[in-house]
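Peer 1: Okay, so here is query.cif, and as you'll see once you scroll down, it has mmCIF, C-alpha atoms.
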data_upload
#
loop_
_atom_site.label_atom_id
_atom_site.label_comp_id
_atom_site.auth_asym_id
_atom_site.auth_seq_id
_atom_site.Cartn_x
_atom_site.Cartn_y
_atom_site.Cartn_z
CA ASP A 1 -6.32 57.83 -19.64
CA ASP A 2 -8.26 56.95 -22.80
CA LYS A 3 -6.97 53.37 -22.62
CA VAL A 4 -9.09 50.36 -23.58
CA TYR A 5 -8.46 47.22 -21.56
CA ILE A 6 -9.03 43.89 -23.28
CA GLY A 7 -9.33 40.34 -22.00
CA ASP A 8 -12.21 39.55 -19.65
CA ASN A 9 -13.64 43.07 -20.03
CA ALA A 10 -13.24 43.44 -23.78
CA PRO A 11 -16.22 45.51 -25.00
CA PRO A 12 -18.11 43.58 -27.70
CA GLU A 13 -18.79 46.73 -29.73
CA ILE A 14 -15.03 47.13 -30.21
CA TYR A 15 -13.67 43.58 -30.17
CA GLY A 16 -16.69 41.46 -31.04
CA ILE A 17 -17.58 39.54 -34.16
CA PRO A 18 -21.04 39.23 -35.81
CA ASP A 19 -23.30 36.91 -33.81
CA HIS A 20 -23.59 34.06 -36.28
CA GLN A 21 -25.20 31.68 -33.76
CA HIS A 22 -28.25 33.90 -33.30
CA GLY A 23 -28.32 35.15 -36.88
CA THR A 24 -27.67 38.82 -36.13
CA GLU A 25 -24.96 41.31 -36.97
CA ARG A 26 -24.74 42.60 -33.40
CA PRO A 27 -21.21 42.13 -32.07
CA THR A 28 -20.46 39.43 -29.54
CA THR A 29 -17.33 38.04 -27.91
CA PHE A 30 -18.90 34.56 -27.70
CA LEU A 31 -18.15 32.13 -30.50
CA ARG A 32 -20.75 29.81 -29.00
CA ASP A 33 -23.25 30.93 -26.37
CA ASP A 34 -25.55 28.36 -24.75
CA SER A 35 -26.13 30.53 -21.67
CA ASP A 36 -29.87 31.09 -22.22
CA LEU A 37 -30.58 27.36 -22.47
CA GLY A 38 -28.18 26.75 -19.62
CA ALA A 39 -30.05 29.21 -17.39
CA GLU A 40 -33.34 27.53 -18.25
CA ARG A 41 -31.94 24.10 -17.41
CA LEU A 42 -30.39 25.38 -14.19
CA SER A 43 -33.76 26.71 -13.05
CA ARG A 44 -35.03 23.09 -12.94
CA ALA A 45 -32.09 21.74 -10.93
CA SER A 46 -32.00 21.05 -7.20
CA SER A 47 -28.23 20.58 -6.84
CA LEU A 48 -25.42 22.61 -8.39
CA LEU A 49 -21.70 21.89 -8.56
CA LEU A 50 -19.57 24.90 -9.46
CA LEU A 51 -15.95 24.32 -10.44
CA ALA A 52 -14.56 27.74 -9.59
CA GLY A 53 -11.98 29.59 -11.64
CA ASN A 54 -10.24 32.74 -10.50
CA ALA A 55 -10.40 34.65 -7.23
CA GLY A 56 -11.34 38.33 -6.93
CA ILE A 57 -14.32 39.81 -8.73
CA GLU A 58 -14.86 36.62 -10.74
CA LEU A 59 -15.25 34.61 -7.54
CA MET A 60 -17.72 37.16 -6.17
CA MET A 61 -19.82 36.70 -9.30
CA ASP A 62 -19.68 32.93 -8.74
CA LEU A 63 -20.91 33.42 -5.18
CA LEU A 64 -23.78 35.58 -6.39
CA VAL A 65 -24.76 32.81 -8.83
CA ALA A 66 -24.78 30.38 -5.89
CA ASP A 67 -26.84 32.80 -3.81
CA THR A 68 -29.40 33.31 -6.59
CA PHE A 69 -29.71 29.56 -7.12
CA LEU A 70 -30.23 28.87 -3.40
CA ARG A 71 -32.85 31.60 -3.09
CA GLY A 72 -34.99 29.85 -5.70
CA ASN A 73 -35.83 26.86 -3.51
CA ASP A 74 -35.18 25.94 0.14
CA ASN A 75 -34.34 22.37 -0.90
CA ARG A 76 -31.51 23.38 -3.21
CA ARG A 77 -27.84 22.88 -2.42
CA VAL A 78 -24.59 24.16 -3.93
CA THR A 79 -21.08 22.71 -3.78
CA ILE A 80 -18.08 24.74 -4.92
CA HIS A 81 -14.82 23.06 -5.88
CA LEU A 82 -11.79 25.20 -5.05
CA SER A 83 -8.05 24.92 -5.46
CA PRO A 84 -6.56 22.92 -2.57
CA ILE A 85 -3.47 25.13 -2.55
CA ASN A 86 -2.68 28.32 -4.38
CA MET A 87 -1.22 26.51 -7.39
CA HIS A 88 -1.52 29.70 -9.42
CA PRO A 89 -1.82 33.28 -8.08
CA SER A 90 -5.36 33.64 -9.42
CA TYR A 91 -6.89 30.24 -8.58
CA ALA A 92 -9.69 30.61 -6.05
CA THR A 93 -9.15 28.95 -2.66
CA GLU A 94 -11.38 28.47 0.38
CA GLU A 95 -9.70 31.45 2.03
CA ASP A 96 -10.59 33.56 -1.02
CA VAL A 97 -14.27 32.63 -0.58
CA VAL A 98 -14.20 33.67 3.07
CA GLN A 99 -12.54 36.98 2.19
CA ALA A 100 -14.95 37.62 -0.71
CA ILE A 101 -18.00 37.12 1.53
CA GLU A 102 -16.49 39.34 4.21
CA HIS A 103 -15.77 42.02 1.62
CA MET A 104 -19.37 41.98 0.40
CA GLU A 105 -20.70 42.06 3.95
CA ASN A 106 -18.51 44.96 5.01
CA VAL A 107 -19.18 47.22 2.05
CA HIS A 108 -20.37 50.52 3.49
CA ALA A 109 -23.83 51.48 2.37
CA GLY A 110 -23.40 54.63 0.33
CA GLU A 111 -25.99 57.22 -0.47
CA VAL A 112 -27.24 58.28 -3.86
CA ASP A 113 -29.57 61.28 -3.72
CA GLY A 114 -30.23 60.55 -0.05
CA GLU A 115 -31.02 56.86 -0.59
CA GLU A 116 -28.90 53.80 0.19
CA SER A 117 -27.16 52.32 -2.78
CA SER A 118 -29.24 49.30 -3.73
CA SER A 119 -26.26 47.45 -5.19
CA ARG A 120 -24.25 47.75 -1.99
CA LEU A 121 -27.22 46.73 0.11
CA TYR A 122 -27.74 43.75 -2.18
CA ALA A 123 -24.12 42.69 -1.68
CA GLN A 124 -24.48 42.88 2.09
CA ASN A 125 -27.68 40.83 2.09
CA ALA A 126 -26.16 38.28 -0.28
CA ALA A 127 -23.15 37.90 2.03
CA ARG A 128 -25.42 37.23 5.00
CA ARG A 129 -27.41 34.65 3.05
CA LEU A 130 -24.20 32.93 1.93
CA LYS A 131 -22.95 32.76 5.51
CA ASP A 132 -26.25 31.23 6.59
CA ALA A 133 -26.04 28.71 3.74
CA LEU A 134 -22.53 27.70 4.84
CA GLU A 135 -23.70 27.25 8.42
CA ASN A 136 -26.67 25.04 7.49
CA SER A 137 -24.70 23.07 4.84
CA ARG A 138 -26.76 24.22 1.88
CA LEU A 139 -23.49 25.69 0.56
CA GLU A 140 -20.41 23.49 0.78
CA LEU A 141 -16.80 24.30 -0.07
CA ILE A 142 -14.57 21.41 -1.15
CA THR A 143 -10.88 21.31 -2.13
CA PRO A 144 -10.40 17.93 -3.88
CA SER A 145 -6.81 16.71 -4.05
CA PHE A 146 -7.60 15.52 -7.59
CA TYR A 147 -6.93 19.06 -8.81
CA GLN A 148 -3.30 18.72 -7.73
CA THR A 149 -2.83 16.02 -10.36
CA PRO A 150 -2.44 16.44 -14.15
CA LEU A 151 -5.12 13.81 -14.81
CA PRO A 152 -8.08 14.41 -17.14
CA PHE A 153 -11.58 13.93 -15.78
CA TRP A 154 -11.97 10.54 -17.42
CA ALA A 155 -9.01 9.25 -15.37
CA ALA A 156 -10.31 10.59 -12.06
CA PRO A 157 -10.51 8.21 -9.07
CA LYS A 158 -13.85 6.48 -8.73
CA PRO A 159 -14.91 8.35 -5.54
CA PHE A 160 -14.35 11.69 -7.27
CA ALA A 161 -16.24 10.58 -10.38
CA GLU A 162 -19.15 9.38 -8.25
CA HIS A 163 -19.13 12.66 -6.38
CA ILE A 164 -19.46 14.90 -9.44
CA GLY A 165 -22.05 12.51 -10.88
CA GLY A 166 -24.35 13.23 -7.94
CA PHE A 167 -25.36 16.72 -9.11
CA ASP A 168 -28.15 17.83 -11.43
CA PHE A 169 -26.13 20.66 -12.93
CA ILE A 170 -22.41 21.39 -13.20
CA ILE A 171 -20.88 24.76 -14.10
CA LEU A 172 -17.28 24.30 -15.17
CA LYS A 173 -15.21 27.46 -15.41
CA GLY A 174 -11.88 28.37 -16.89
CA ASP A 175 -9.19 27.05 -19.15
CA ARG A 176 -7.64 24.57 -16.69
CA HIS A 177 -10.91 22.75 -15.92
CA TYR A 178 -11.94 22.74 -19.58
CA ARG A 179 -8.65 21.15 -20.61
CA ARG A 180 -9.27 18.34 -18.14
CA LEU A 181 -12.47 17.65 -20.09
CA THR A 182 -10.52 17.18 -23.31
CA GLY A 183 -7.38 15.66 -21.78
CA ASP A 184 -5.47 18.74 -22.95
CA LEU A 185 -5.44 17.13 -26.39
CA GLU A 186 -5.57 19.10 -29.59
CA HIS A 187 -8.81 18.67 -31.51
CA PRO A 188 -10.21 20.43 -34.56
CA SER A 189 -12.26 23.33 -33.22
CA PHE A 190 -15.44 22.02 -34.89
CA THR A 191 -15.25 18.62 -33.09
CA PRO A 192 -18.66 18.16 -31.41
CA PHE A 193 -18.47 18.99 -27.72
CA LYS A 194 -20.57 16.05 -26.56
CA ARG A 195 -18.59 13.61 -28.73
CA VAL A 196 -15.49 14.24 -26.64
CA VAL A 197 -16.90 14.74 -23.14
CA GLY A 198 -20.35 13.14 -23.26
CA ASN A 199 -19.43 9.88 -21.52
CA LEU A 200 -17.99 11.66 -18.48
CA LEU A 201 -21.41 12.38 -16.98
CA PRO A 202 -24.44 10.34 -15.94
CA PRO A 203 -27.55 10.78 -18.11
CA SER A 204 -29.28 13.00 -15.54
CA THR A 205 -26.57 15.66 -15.31
CA ASP A 206 -26.30 18.92 -17.28
CA LEU A 207 -22.89 20.49 -17.87
CA LEU A 208 -22.25 24.13 -18.77
CA ALA A 209 -18.61 24.88 -19.61
CA LEU A 210 -17.42 28.50 -19.61
CA ARG A 211 -13.97 29.50 -20.79
CA PRO A 212 -11.99 32.13 -22.69
CA LEU A 213 -10.07 31.20 -25.81
CA SER A 214 -6.56 31.67 -24.48
CA PHE A 215 -4.64 28.62 -25.67
CA PRO A 216 -4.64 27.31 -29.26
CA GLY A 217 -6.17 23.97 -30.19
CA THR A 218 -7.90 23.26 -26.87
CA CYS A 219 -11.45 24.47 -27.51
CA ILE A 220 -14.02 22.31 -29.31
CA GLY A 221 -17.66 22.48 -30.32
CA LEU A 222 -17.28 25.74 -32.24
CA PRO A 223 -19.49 26.66 -35.23
CA LEU A 224 -17.43 26.84 -38.41
CA MET A 225 -18.87 30.21 -39.38
CA SER A 226 -18.03 31.72 -35.99
CA VAL A 227 -14.46 30.47 -36.26
CA SER A 228 -14.23 31.90 -39.79
CA LYS A 229 -15.40 35.32 -38.56
CA ALA A 230 -12.98 35.15 -35.62
CA ARG A 231 -10.05 34.32 -37.92
CA LYS A 232 -10.98 37.20 -40.18
CA ARG A 233 -11.17 39.59 -37.23
CA PHE A 234 -8.13 38.46 -35.21
CA SER A 235 -6.03 36.46 -37.70
CA VAL A 236 -3.88 33.74 -36.08
CA SER A 237 -4.39 35.13 -32.56
CA TRP A 238 -8.15 34.44 -32.52
CA ASP A 239 -7.81 31.60 -29.98
CA THR A 240 -4.91 32.95 -27.89
CA THR A 241 -5.80 36.48 -26.78
CA GLY A 242 -8.50 35.56 -24.25
CA ILE A 243 -10.85 38.12 -25.81
CA LEU A 244 -13.28 35.56 -27.27
CA SER A 245 -15.13 33.04 -25.12
CA VAL A 246 -17.50 30.07 -25.23
CA SER A 247 -20.47 28.94 -23.17
CA GLU A 248 -21.15 25.28 -24.05
CA LEU A 249 -23.96 23.12 -22.70
CA ILE A 250 -24.44 19.38 -22.65
CA SER A 251 -28.04 18.84 -21.64
CA ALA A 252 -29.44 15.79 -19.88
CA ASP A 253 -31.92 15.63 -22.77
CA GLU A 254 -29.10 14.88 -25.23
CA PRO A 255 -27.71 11.39 -25.76
CA LYS A 256 -24.34 11.23 -23.98
CA LYS A 257 -22.25 9.06 -26.24
CA ILE A 258 -18.74 9.63 -27.46
CA PHE A 259 -19.59 8.41 -30.97
CA VAL A 260 -22.95 9.50 -32.33
#
As structure tokens, how would this structure be written, given the file I've shared?

Peer 2:
Amino acid sequence: DDKVYIGDNAPPEIYGIPDHQHGTERPTTFLRDDSDLGAERLSRASSLLLLAGNAGIELMMDLLVADTFLRGNDNRRVTIHLSPINMHPSYATEEDVVQAIEHMENVHAGEVDGEESSSRLYAQNAARRLKDALENSRLELITPSFYQTPLPFWAAPKPFAEHIGGFDFIILKGDRHYRRLTGDLEHPSFTPFKRVVGNLLPPSTDLLALRPLSFPGTCIGLPLMSVSKARKRFSVSWDTTGILSVSELISADEPKKIFV
């Protein structure tokens, strides 16, 4: 119908801003993008904690990340934190994971020019591997009751804090998890990311936070030039539309101190 849909699928060539972080004029919807370094750090890890966001296609992508990570080494393990109850229609639950894996497994292999569709076959094989990982405990699904509270991560009960501190790498997704990092407090957007959240993790843990900019005043660690370009492009709605995003890494190689 010649309609352009924005939000998670906003095409960078239409809605992006110049990529200041990498010094190019190519459009991007990321104000800060540490994904390349994050992927490199993740390749060294043996344990991954994924704080899931939404159900549906997004959850399937999360499961494919888990599958890819587990395929890299037989000694690796993945834990996924899910919503204990459906607190919001889109929050991923354990039932959503089961349904997502079943959907991938039951996709009918189509034919393209007489050959099976490789993408559909890949989905089926990934689903089988994920089921095997669940059965042998290399993939674990957890629904912590902590997520039913309004508490920030720094006020989490000691057992929960010790639990998340036992992983080499944490992927934190979505607005609600990110705001637990910052206590849902308003900070200047250029406030260093590690200054606010650095003390939450043990020195050996990497954290990669992924979120859209969908609520004003809750995202930190942004380059001033990127924010300037975003304001010029979207005016006052630059951090409310959900079009722009961030991928922010705290590496185990960095000092984790609140004041540096």

Peer 1: Of the residues A:Lys158, A:Lys173, A:His81, A:Arg44, which is the one nearest to Leu141 (chain A), using all atoms listed in the file?

Peer 2: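 Ranking A:Lys158, A:Lys173, A:His81, A:Arg44 by distance to Leu141 (chain A), first place goes to A:His81.
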
Peer 1: Counting all atoms listed in the file, figure out which residue out of A:Val196, A:Ile220, A:Ala133, A:Thr143 gets nearest to Glu94 (chain A).

Peer 2: A:Thr143

Peer 1: CA of Arg231 (chain A) to CA of Ala209 (chain A): how many Å, to one decimal?

Peer 2: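 For CA of Arg231 (chain A) relative to CA of Ala209 (chain A), the distance reads 22.3 Å.
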
Peer 1: List as a PyMOL selection string the protein and nucleic acid residues near Val107 (chain A), meaning an atom at most 10 Å away when all atoms listed in the file are counted, but skip any in the same chain fewer than 2 places from it.

Peer 2: chain A and resi 102-105+109-110+120-121+123-124

Peer 1: I'd like to see the residues matched by the PyMOL selection byres ((chain A and resi 190) around 6) on this file, and ideally I'd get them as a VMD selection string.

Peer 2: chain A and resid 188 to 189 191 220 to 222
